[in-house]
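J.: Before I ask anything, let me first share the structure, which is written out below as structure tokens.
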Amino acid sequence: MRKTILTISVLMANSALAMQALDDDALADVSGQAGISLETVSSGVTASKISYSQDGQSLNLNNVSVGSDPRAGSQTTTTRTVDVVDGRVVMQSQSTAKKASVASITMAGSSNSFGAVNAFYTLGSTLKVKGGGSSGVSGIDLDGSRLSLTSATLYYRDNGHDLIVDGVSLDAYLNAAYIDVINGGSGSEIQLNLGTSRFVGQINGIRMDLAQNDPATAVTPSTPDTRDPNATRSFGSLSMDLSLGGSIRIAGGGASGDGLRIKPNISFSNSLFQYQDTGILRAENFSGTIISNSGITLDLASDARGPYAQLAFADLNLNTTFGGLIMGNPTNQKLGSLGLDLNFVDQGSLKNWLKLRPGGATTSAAQGVTADVSWNMANSSAVVTDNGNSMWFSGLKTNGTGTFTLDLTKGCGTGGVSSGCYAGTSGNTDPSKGNYNGHFDGLRIGLNNVVGSYSFDGLRVGSPTAPLQGGTELLVLAEIFPAYDFTLNGHFTLLAGGSSGNGVRYNADLFITDARAALTVDETGKGLWLSGTNYEMHFRNGSVDVTNNGIELNKGEYWSKLDVNDVRWGNKTTGTSLGRLVLKRYELGSTLAVSSGGAGALCVGGTGTNPGTCSASGGRWEDRGNEGITAKLKNVWVKGASSTANVVVGDEKRNQIIWETSRSGGNGTGSQLVVDNLHTADGNASTANGGNNTGGTNGTNAYGFNVDLNLDVAPTKVKNKTTGQYVNPDPLGFAVNGRVHFKEINIDRVQHVHPTGGAVTSMYGVKLQNADISANMTATPIN
Amino acid sequence: MISKLCAIALACAALPVWAEMQALDDEGLSQVEGQGGVYLSGEFSVNKNGGVLWSTPTTANQAQWTADQRSCGRNGQIEVCGLRLGIRSEANGGWFVLDNIKGIFSFEGLTLRTRLINSGFGGDGAAFNQDVLELGLPNEMKFKNTTFSVAVANQGGWQNNKTYAPSFQQTNIFSGQIDGTVRVQGNVLIFPKN
């Protein structure tokens, strides 16, 4: 066994632990009983520093204190009983409410901090112990033991702002659980055999308090800081009930040198997971395994950027099935089930590790968390089962590296309190502009040079060994691509509370560069590619809610610019190019809603609403069951400023498409076709040309450009093109029922730009009205 | 993430690109088996139950329609309306209009895949040596209640000139309707020419 050196230096600054005498009455009660009852009263424990040191590096918890919850008095009372029942030592412990705090978490060699933690909680436990582990010879038998954490509230503080986890409770029931010391691959290991244990957990809410530091009145869960008007809003609540089995092994020795190695081989079955907003996300039958044969290592190390704590794993398999998935209203149709088989594995230079460094983004003081991440997932798959029919997204793989930062931040001039805010650098302080580099209110996830890719081989329908087929092309309308290479920078900033009630609000600026996305691709990598793509996206005041209608994403104010250097056929880097494509979008109030339930029963090729009328109209009636997925996208394209015939407008916020060919010296040197100022409208028929979308009789712009998608796995008719005969029985396919509908789309101008002659206008207006277009298609392998 | 607009733009952009019909022989078909392409069956319909801008009135009397009502039936019949496309090719000019576009197109066996052409074509394939996007056409395509009208108008948006917009003028030049089955065999090969 490799030696792990664990050094904890504790300075007991103020400790008080008092024995309390039993009075005569209590003594009388004790007399004649078989066990021992012990009540201790403590005024708390403090330590100026607790350090974990390894390989010359140290992780420090500074100014640690554990004492009584001030709401329960100045002293903690803990009652313990020790008894022997049926050959087991039974130790019960129950304490009064406590408060624990860590003023800062740091690493030696860095002046930065991971932040501070405060916790209010009540602990109880019943340990039932007897000799004999899983073999019954040596080790410890913990069968029937229970640990209980109740009434807990956790505060994570970064730069004076708080992330608050409310109403936490956790009950762990250890059934048929054992602790053994066994021989592992690198020496002796401690093994916790989970037997048939159960973990029941609840989080009532996750909130944020962005008022800097503490108010005059001490903050407790009963007396919250009310200075931030958003402090009561929550991301939502979580609950879980897990039935666990398998084992966890703990060994000494990290990825290199000293450290810690944890080898999970955990199974969970018949479990429940639920997120609740107004509606719910629930997996009613959640099962699977988490296995790492080589183990997850924990090391402390240092490089040119400073010290870090590293989690690494050479292999990790997550195999889960979310059965009985529900989105929205529990009485609604169900989605079916979702299975994931994810294999993280080191392959050559492609590694899996996470390096945590103290301190977040450079613009967010010296507190927060920075994570350098490397991931490699190979040969994985996802399977969707709909009314008993399954479809595999096969050969899923992804890898990449990048740096993520995590901070609690405050924007200046965004309402409420502003102390501790960051306005951005000079010239970039306007949040309504794309070059704004200040902060927004909330939990900021910074993305720095995240270079990655993902792809999957294709779909397999019916069985995991069915022939590979296409069909992912049908998901392009939902912006899901079969392959994507990218470099990502920017941020997401999340704020608790949705468009109403609980949920998530967000602001984001994302910059994707050097990207290649496939619109269609085969197993050899040939397809239709968007190569050399730069894509910047800006979101303001967006929100995500789970309602009784499903998951609802509101993009708020959104503008973007997609610049595809080459649209290529065949190979993604060497295929022949169609030219350059630029797409600018400016949207207000665009939404995406995802809910359970697919297309149901429908008429293909006819117009009937039941099998009889459908058949009579020449159609084919298809019943795709009550499970599946429905997605509704609504894009509201905003009208930009008017343009003139011989000038191409270059506004940041505008809907515009540019196709450029025959470039002689880079972008902008070729011939261009420009579709300018494309926008939706509600088509007010009482006003000439629908008005100018300024409201009232001038017309509005709320209906937008809509795409409704019903996704199912269902059988369909397939005719062999050689024999002309139908395949029998009807093969399963990936069924997409798509509907595009809009009231009015306008294009102000279509222009042609000559590299030397300049712009001219060929169309002075295009107007499309009253569209309701359906495409009902089922994708199967080529026959 | 690329937008849906992009996909539409690509589909439109592909149309004027060089394309050629070519039938797959038996050998070619056997090579298709098991590849990562896709076989699509289903329907494509435009306004088969009407559109979302105009509702269908209960009377053929245009003077009694509300602002958001329109019927596109002929000879006094009440009928849902199709998609309307108006294009203005001249500053301050009139509008060319394709009106009442609607219908159902159903098919079985539209295939989509990428394909390398480096042989065949009377020897031209070897010189071509390039990937193409291959649309394998279904053997037959059914058209049902497919209609359109070609017109000119003095504004892009339709309005009821019996009530809300007396000045609105539209003249239908001709209308067409297609019902039945069209045989469409072979492939459409699409590739870029920058």
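Every chain in the structure tokens has a letter given in the order shown (A, B, ...), and although residue numbers restart at 1 in each chain, ligands are simply numbered from 1 in the order shown.
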Give me every helix (DSSP H, G or I) residue in chain B, going by DSSP on the backbone, as number ranges by chain.
T.: B: 4-14, 26-32, 62-64, 121-128
J.: Dump N, CA, C and O atoms for the selected residues as an mmCIF file, in the first residue's frame?
T.:
data_model
loop_
_atom_site.group_PDB
_atom_site.id
_atom_site.type_symbol
_atom_site.label_atom_id
_atom_site.label_comp_id
_atom_site.auth_asym_id
_atom_site.auth_seq_id
_atom_site.Cartn_x
_atom_site.Cartn_y
_atom_site.Cartn_z
ATOM 1 N N LYS B 4 -31.848 27.655 -37.646
ATOM 2 C CA LYS B 4 -32.771 27.071 -38.600
ATOM 3 C C LYS B 4 -32.809 27.883 -39.874
ATOM 4 O O LYS B 4 -32.969 27.366 -40.948
ATOM 5 N N LEU B 5 -32.579 29.195 -39.724
ATOM 6 C CA LEU B 5 -32.541 30.053 -40.905
ATOM 7 C C LEU B 5 -31.455 29.585 -41.851
ATOM 8 O O LEU B 5 -31.607 29.575 -43.052
ATOM 9 N N CYS B 6 -30.362 29.183 -41.232
ATOM 10 C CA CYS B 6 -29.228 28.755 -42.012
ATOM 11 C C CYS B 6 -29.593 27.533 -42.847
ATOM 12 O O CYS B 6 -29.252 27.432 -44.010
ATOM 13 N N ALA B 7 -30.286 26.609 -42.198
ATOM 14 C CA ALA B 7 -30.677 25.395 -42.908
ATOM 15 C C ALA B 7 -31.575 25.730 -44.088
ATOM 16 O O ALA B 7 -31.431 25.177 -45.174
ATOM 17 N N ILE B 8 -32.490 26.661 -43.853
ATOM 18 C CA ILE B 8 -33.386 27.060 -44.930
ATOM 19 C C ILE B 8 -32.600 27.727 -46.037
ATOM 20 O O ILE B 8 -32.776 27.459 -47.212
ATOM 21 N N ALA B 9 -31.687 28.583 -45.645
ATOM 22 C CA ALA B 9 -30.875 29.291 -46.623
ATOM 23 C C ALA B 9 -30.082 28.308 -47.458
ATOM 24 O O ALA B 9 -29.961 28.443 -48.667
ATOM 25 N N LEU B 10 -29.563 27.279 -46.780
ATOM 26 C CA LEU B 10 -28.786 26.292 -47.505
ATOM 27 C C LEU B 10 -29.650 25.540 -48.493
ATOM 28 O O LEU B 10 -29.260 25.287 -49.619
ATOM 29 N N ALA B 11 -30.849 25.194 -48.052
ATOM 30 C CA ALA B 11 -31.739 24.463 -48.938
ATOM 31 C C ALA B 11 -32.050 25.295 -50.174
ATOM 32 O O ALA B 11 -32.051 24.801 -51.305
ATOM 33 N N CYS B 12 -32.300 26.571 -49.946
ATOM 34 C CA CYS B 12 -32.586 27.458 -51.069
ATOM 35 C C CYS B 12 -31.342 27.646 -51.923
ATOM 36 O O CYS B 12 -31.399 27.631 -53.149
ATOM 37 N N ALA B 13 -30.205 27.802 -51.266
ATOM 38 C CA ALA B 13 -28.978 28.064 -51.999
ATOM 39 C C ALA B 13 -28.602 26.884 -52.865
ATOM 40 O O ALA B 13 -27.982 27.028 -53.905
ATOM 41 N N ALA B 14 -29.003 25.693 -52.425
ATOM 42 C CA ALA B 14 -28.613 24.508 -53.172
ATOM 43 C C ALA B 14 -29.339 24.402 -54.504
ATOM 44 O O ALA B 14 -28.851 23.796 -55.434
ATOM 45 N N ASP B 26 -28.525 -1.888 -60.073
ATOM 46 C CA ASP B 26 -28.630 -2.843 -58.980
ATOM 47 C C ASP B 26 -27.378 -2.843 -58.105
ATOM 48 O O ASP B 26 -27.440 -2.956 -56.892
ATOM 49 N N GLU B 27 -26.247 -2.723 -58.757
ATOM 50 C CA GLU B 27 -25.005 -2.728 -57.995
ATOM 51 C C GLU B 27 -24.938 -1.524 -57.060
ATOM 52 O O GLU B 27 -24.551 -1.618 -55.899
ATOM 53 N N GLY B 28 -25.362 -0.416 -57.610
ATOM 54 C CA GLY B 28 -25.366 0.808 -56.799
ATOM 55 C C GLY B 28 -26.298 0.687 -55.619
ATOM 56 O O GLY B 28 -25.969 1.073 -54.492
ATOM 57 N N LEU B 29 -27.457 0.084 -55.853
ATOM 58 C CA LEU B 29 -28.415 -0.088 -54.766
ATOM 59 C C LEU B 29 -27.857 -1.003 -53.687
ATOM 60 O O LEU B 29 -28.045 -0.767 -52.498
ATOM 61 N N SER B 30 -27.139 -2.051 -54.094
ATOM 62 C CA SER B 30 -26.619 -2.970 -53.090
ATOM 63 C C SER B 30 -25.566 -2.275 -52.238
ATOM 64 O O SER B 30 -25.380 -2.602 -51.074
ATOM 65 N N GLN B 31 -24.884 -1.294 -52.805
ATOM 66 C CA GLN B 31 -23.890 -0.566 -52.019
ATOM 67 C C GLN B 31 -24.542 0.385 -51.022
ATOM 68 O O GLN B 31 -23.960 0.706 -50.001
ATOM 69 N N VAL B 32 -25.761 0.793 -51.343
ATOM 70 C CA VAL B 32 -26.456 1.712 -50.448
ATOM 71 C C VAL B 32 -26.804 1.025 -49.137
ATOM 72 O O VAL B 32 -26.762 1.608 -48.069
ATOM 73 N N GLN B 62 -67.941 38.781 -49.443
ATOM 74 C CA GLN B 62 -66.696 39.402 -48.987
ATOM 75 C C GLN B 62 -66.958 40.639 -48.128
ATOM 76 O O GLN B 62 -66.160 40.973 -47.256
ATOM 77 N N ALA B 63 -68.046 41.322 -48.386
ATOM 78 C CA ALA B 63 -68.356 42.544 -47.641
ATOM 79 C C ALA B 63 -68.691 42.243 -46.180
ATOM 80 O O ALA B 63 -68.701 43.147 -45.345
ATOM 81 N N GLN B 64 -68.971 40.978 -45.872
ATOM 82 C CA GLN B 64 -69.303 40.614 -44.498
ATOM 83 C C GLN B 64 -68.133 39.987 -43.740
ATOM 84 O O GLN B 64 -68.278 39.571 -42.605
ATOM 85 N N PHE B 121 -20.053 7.686 -65.403
ATOM 86 C CA PHE B 121 -20.423 8.886 -66.159
ATOM 87 C C PHE B 121 -19.619 8.986 -67.458
ATOM 88 O O PHE B 121 -19.112 10.060 -67.811
ATOM 89 N N GLY B 122 -19.443 7.842 -68.079
ATOM 90 C CA GLY B 122 -18.725 7.829 -69.356
ATOM 91 C C GLY B 122 -17.293 8.308 -69.226
ATOM 92 O O GLY B 122 -16.742 8.891 -70.158
ATOM 93 N N GLY B 123 -16.719 8.074 -68.042
ATOM 94 C CA GLY B 123 -15.329 8.482 -67.829
ATOM 95 C C GLY B 123 -15.187 9.829 -67.169
ATOM 96 O O GLY B 123 -14.112 10.186 -66.681
ATOM 97 N N ASP B 124 -16.270 10.579 -67.122
ATOM 98 C CA ASP B 124 -16.188 11.910 -66.507
ATOM 99 C C ASP B 124 -16.075 11.833 -64.981
ATOM 100 O O ASP B 124 -15.563 12.739 -64.342
ATOM 101 N N GLY B 125 -16.579 10.736 -64.398
ATOM 102 C CA GLY B 125 -16.585 10.611 -62.937
ATOM 103 C C GLY B 125 -15.192 10.643 -62.351
ATOM 104 O O GLY B 125 -14.958 11.265 -61.313
ATOM 105 N N ALA B 126 -14.236 9.974 -62.989
ATOM 106 C CA ALA B 126 -12.870 9.931 -62.465
ATOM 107 C C ALA B 126 -12.270 11.331 -62.428
ATOM 108 O O ALA B 126 -11.555 11.703 -61.489
ATOM 109 N N ALA B 127 -12.569 12.105 -63.451
ATOM 110 C CA ALA B 127 -12.034 13.470 -63.478
ATOM 111 C C ALA B 127 -12.754 14.358 -62.473
ATOM 112 O O ALA B 127 -12.151 15.246 -61.866
ATOM 113 N N PHE B 128 -14.011 14.076 -62.260
ATOM 114 C CA PHE B 128 -14.809 14.876 -61.316
ATOM 115 C C PHE B 128 -14.309 14.652 -59.880
ATOM 116 O O PHE B 128 -13.974 15.593 -59.161
#
J.: A:Thr778: which residues within 8 Å, counting only C-alpha atoms, same-chain residues fewer than 2 positions away excluded, as a PyMOL selection string?
T.: (chain A and resi 716+733-736+776+780) or (chain B and resi 39-42)
J.: My list of candidates is A:Lys584, A:Arg198, A:Arg207, A:Lys632. Which is closest to A:Leu494 when distances are computed with only C-alpha atoms?
T.: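 Using only C-alpha atoms, A:Leu494 sits closest to A:Arg207.
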J.: Applying 7 Å and only C-alpha atoms, which residues near B:Phe107 remain after dropping the ones on its own chain fewer than 4 positions away? List them as a PyMOL selection string.
T.: chain B and resi 41-43+138+140-142
J.: Go through A:Lys743, A:Lys634, A:Arg516, A:His161 one by one, measure the shortest atom-to-atom distance of each to chain B using only C-alpha atoms, and give the residue with the smallest value.
T.: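 Among the listed residues, the smallest separation from chain B belongs to A:Lys743.
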J.: May I have the residues within 8 Å of B:Gln130 as a compact mmCIF listing (two decimals) with all heavy atoms, in the first residue's frame, using only C-alpha atoms and disregarding those fewer than 5 positions away in the same chain?
T.:
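part19.txt, written as the output of this step:
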# COMPACT_ATOMS: atom_id res chain seq x y z
N GLY A 570 -18.63 17.03 -48.50
CA GLY A 570 -17.62 15.97 -48.36
C GLY A 570 -16.82 16.16 -47.11
O GLY A 570 -17.38 16.25 -46.01
N GLY A 575 -13.31 19.58 -48.45
CA GLY A 575 -14.40 19.50 -49.41
C GLY A 575 -14.57 20.80 -50.18
O GLY A 575 -14.18 21.88 -49.73
N THR A 576 -15.19 20.70 -51.36
CA THR A 576 -15.40 21.89 -52.17
C THR A 576 -16.39 22.82 -51.49
O THR A 576 -17.36 22.38 -50.89
CB THR A 576 -15.94 21.48 -53.55
OG1 THR A 576 -15.12 20.45 -54.07
CG2 THR A 576 -15.93 22.66 -54.51
N LEU B 116 -19.35 9.87 -52.97
CA LEU B 116 -18.16 10.26 -53.74
C LEU B 116 -18.32 9.76 -55.17
O LEU B 116 -18.53 8.57 -55.40
CB LEU B 116 -16.91 9.64 -53.10
CG LEU B 116 -15.60 9.83 -53.88
CD1 LEU B 116 -15.25 11.32 -53.98
CD2 LEU B 116 -14.48 9.04 -53.25
N ILE B 117 -18.24 10.66 -56.11
CA ILE B 117 -18.27 10.26 -57.53
C ILE B 117 -16.86 10.35 -58.07
O ILE B 117 -16.30 11.45 -58.20
CB ILE B 117 -19.24 11.17 -58.32
CG1 ILE B 117 -20.67 10.93 -57.86
CG2 ILE B 117 -19.10 10.90 -59.82
CD1 ILE B 117 -21.69 11.76 -58.58
N ASN B 118 -16.28 9.18 -58.33
CA ASN B 118 -14.92 9.14 -58.89
C ASN B 118 -14.81 8.11 -60.01
O ASN B 118 -13.72 7.70 -60.37
CB ASN B 118 -13.88 8.86 -57.80
CG ASN B 118 -14.18 7.57 -57.05
OD1 ASN B 118 -15.11 6.85 -57.42
ND2 ASN B 118 -13.40 7.30 -56.02
J.: Using only C-alpha atoms, which of B:Phe174, B:Trp95, B:Trp65, B:Phe44 sits nearest chain A?
T.: B:Phe44
J.: Nearest to chain B: which of A:Gly606, A:Gly427, A:Gly167, A:Gly532 is it, counting only C-alpha atoms?
T.: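 Counting only C-alpha atoms, the residue closest to chain B is A:Gly606.
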J.: DSSP on the backbone: which residues in chain B end up as strand (DSSP E)? Give the answer as a JSON list (two decimals) with C-alpha atoms, in the first residue's frame.
T.:
[["chain", "number", "residue", "atom", "x", "y", "z"],
["B", 19, "ALA", "CA", -27.64, 19.10, -60.50],
["B", 20, "GLU", "CA", -28.02, 15.98, -62.59],
["B", 21, "MET", "CA", -30.49, 13.10, -62.66],
["B", 22, "GLN", "CA", -28.99, 9.63, -62.50],
["B", 38, "VAL", "CA", -31.46, 8.05, -44.41],
["B", 39, "TYR", "CA", -34.68, 6.80, -46.02],
["B", 40, "LEU", "CA", -37.59, 9.16, -45.56],
["B", 41, "SER", "CA", -41.24, 8.44, -46.03],
["B", 42, "GLY", "CA", -44.10, 10.74, -45.21],
["B", 43, "GLU", "CA", -45.69, 13.89, -46.48],
["B", 44, "PHE", "CA", -45.02, 17.54, -47.02],
["B", 45, "SER", "CA", -48.04, 19.80, -46.92],
["B", 46, "VAL", "CA", -48.69, 23.50, -47.25],
["B", 83, "LEU", "CA", -49.58, 30.67, -48.48],
["B", 84, "ARG", "CA", -49.13, 34.05, -50.15],
["B", 85, "LEU", "CA", -45.77, 35.26, -51.53],
["B", 86, "GLY", "CA", -45.35, 38.82, -52.80],
["B", 87, "ILE", "CA", -42.21, 40.23, -54.43],
["B", 88, "ARG", "CA", -41.61, 43.84, -55.36],
["B", 95, "TRP", "CA", -46.00, 43.40, -56.59],
["B", 96, "PHE", "CA", -45.71, 40.04, -58.30],
["B", 97, "VAL", "CA", -47.78, 37.58, -56.28],
["B", 98, "LEU", "CA", -47.97, 33.81, -55.93],
["B", 99, "ASP", "CA", -51.16, 33.40, -53.97],
["B", 100, "ASN", "CA", -53.13, 30.58, -52.38],
["B", 101, "ILE", "CA", -50.25, 28.09, -52.49],
["B", 102, "LYS", "CA", -51.43, 24.90, -50.78],
["B", 103, "GLY", "CA", -51.54, 21.15, -51.15],
["B", 104, "ILE", "CA", -50.24, 17.81, -49.95],
["B", 105, "PHE", "CA", -47.21, 16.03, -51.38],
["B", 106, "SER", "CA", -46.70, 12.50, -50.04],
["B", 107, "PHE", "CA", -43.93, 10.06, -50.87],
["B", 108, "GLU", "CA", -42.19, 6.89, -49.76],
["B", 109, "GLY", "CA", -38.50, 6.42, -50.30],
["B", 110, "LEU", "CA", -36.81, 9.78, -50.51],
["B", 111, "THR", "CA", -33.20, 9.04, -49.59],
["B", 112, "LEU", "CA", -30.46, 11.38, -48.52],
["B", 113, "ARG", "CA", -26.74, 10.69, -48.25],
["B", 114, "THR", "CA", -23.35, 11.96, -49.30],
["B", 115, "ARG", "CA", -21.58, 10.14, -52.11],
["B", 116, "LEU", "CA", -18.16, 10.26, -53.74],
["B", 117, "ILE", "CA", -18.27, 10.26, -57.53],
["B", 130, "GLN", "CA", -15.81, 14.98, -55.76],
["B", 131, "ASP", "CA", -18.39, 14.44, -53.03],
["B", 132, "VAL", "CA", -21.99, 15.20, -53.79],
["B", 133, "LEU", "CA", -25.16, 15.32, -51.77],
["B", 134, "GLU", "CA", -27.43, 12.69, -53.26],
["B", 135, "LEU", "CA", -31.20, 12.95, -53.07],
["B", 136, "GLY", "CA", -32.60, 9.58, -54.11],
["B", 140, "GLU", "CA", -43.68, 8.23, -57.17],
["B", 141, "MET", "CA", -44.99, 11.33, -55.47],
["B", 142, "LYS", "CA", -48.67, 11.96, -54.84],
["B", 143, "PHE", "CA", -50.16, 15.41, -55.17],
["B", 144, "LYS", "CA", -53.46, 16.15, -53.50],
["B", 145, "ASN", "CA", -55.45, 19.41, -53.76],
["B", 146, "THR", "CA", -52.32, 21.29, -54.81],
["B", 147, "THR", "CA", -53.23, 24.79, -55.95],
["B", 148, "PHE", "CA", -51.64, 28.14, -56.70],
["B", 149, "SER", "CA", -52.53, 31.45, -58.36],
["B", 150, "VAL", "CA", -50.27, 33.86, -60.23],
["B", 151, "ALA", "CA", -51.27, 37.48, -59.76],
["B", 152, "VAL", "CA", -50.14, 41.09, -59.62],
["B", 153, "ALA", "CA", -51.15, 43.52, -56.89],
["B", 170, "GLN", "CA", -55.09, 42.37, -57.15],
["B", 171, "THR", "CA", -55.50, 40.76, -60.55],
["B", 172, "ASN", "CA", -55.20, 36.98, -60.79],
["B", 173, "ILE", "CA", -53.55, 36.07, -64.11],
["B", 174, "PHE", "CA", -54.11, 32.32, -63.85],
["B", 175, "SER", "CA", -54.57, 29.57, -61.28],
["B", 176, "GLY", "CA", -53.53, 25.95, -61.26],
["B", 177, "GLN", "CA", -54.52, 22.78, -59.46],
["B", 178, "ILE", "CA", -52.68, 19.44, -59.40],
["B", 179, "ASP", "CA", -54.06, 16.10, -58.23],
["B", 180, "GLY", "CA", -52.63, 12.69, -58.92],
["B", 181, "THR", "CA", -49.34, 10.82, -58.99],
["B", 182, "VAL", "CA", -46.07, 11.90, -60.56],
["B", 183, "ARG", "CA", -43.33, 9.36, -61.24],
["B", 187, "ASN", "CA", -31.24, 10.80, -58.12],
["B", 188, "VAL", "CA", -30.54, 14.47, -57.79],
["B", 189, "LEU", "CA", -26.87, 15.13, -57.16],
["B", 190, "ILE", "CA", -26.02, 18.47, -55.62]]
J.: Have a look at A:Gly527, A:Gly131, A:Gly600, A:Gly699 and name the one nearest to chain B; count only C-alpha atoms.
T.: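 Among the listed residues, the smallest separation from chain B belongs to A:Gly527.
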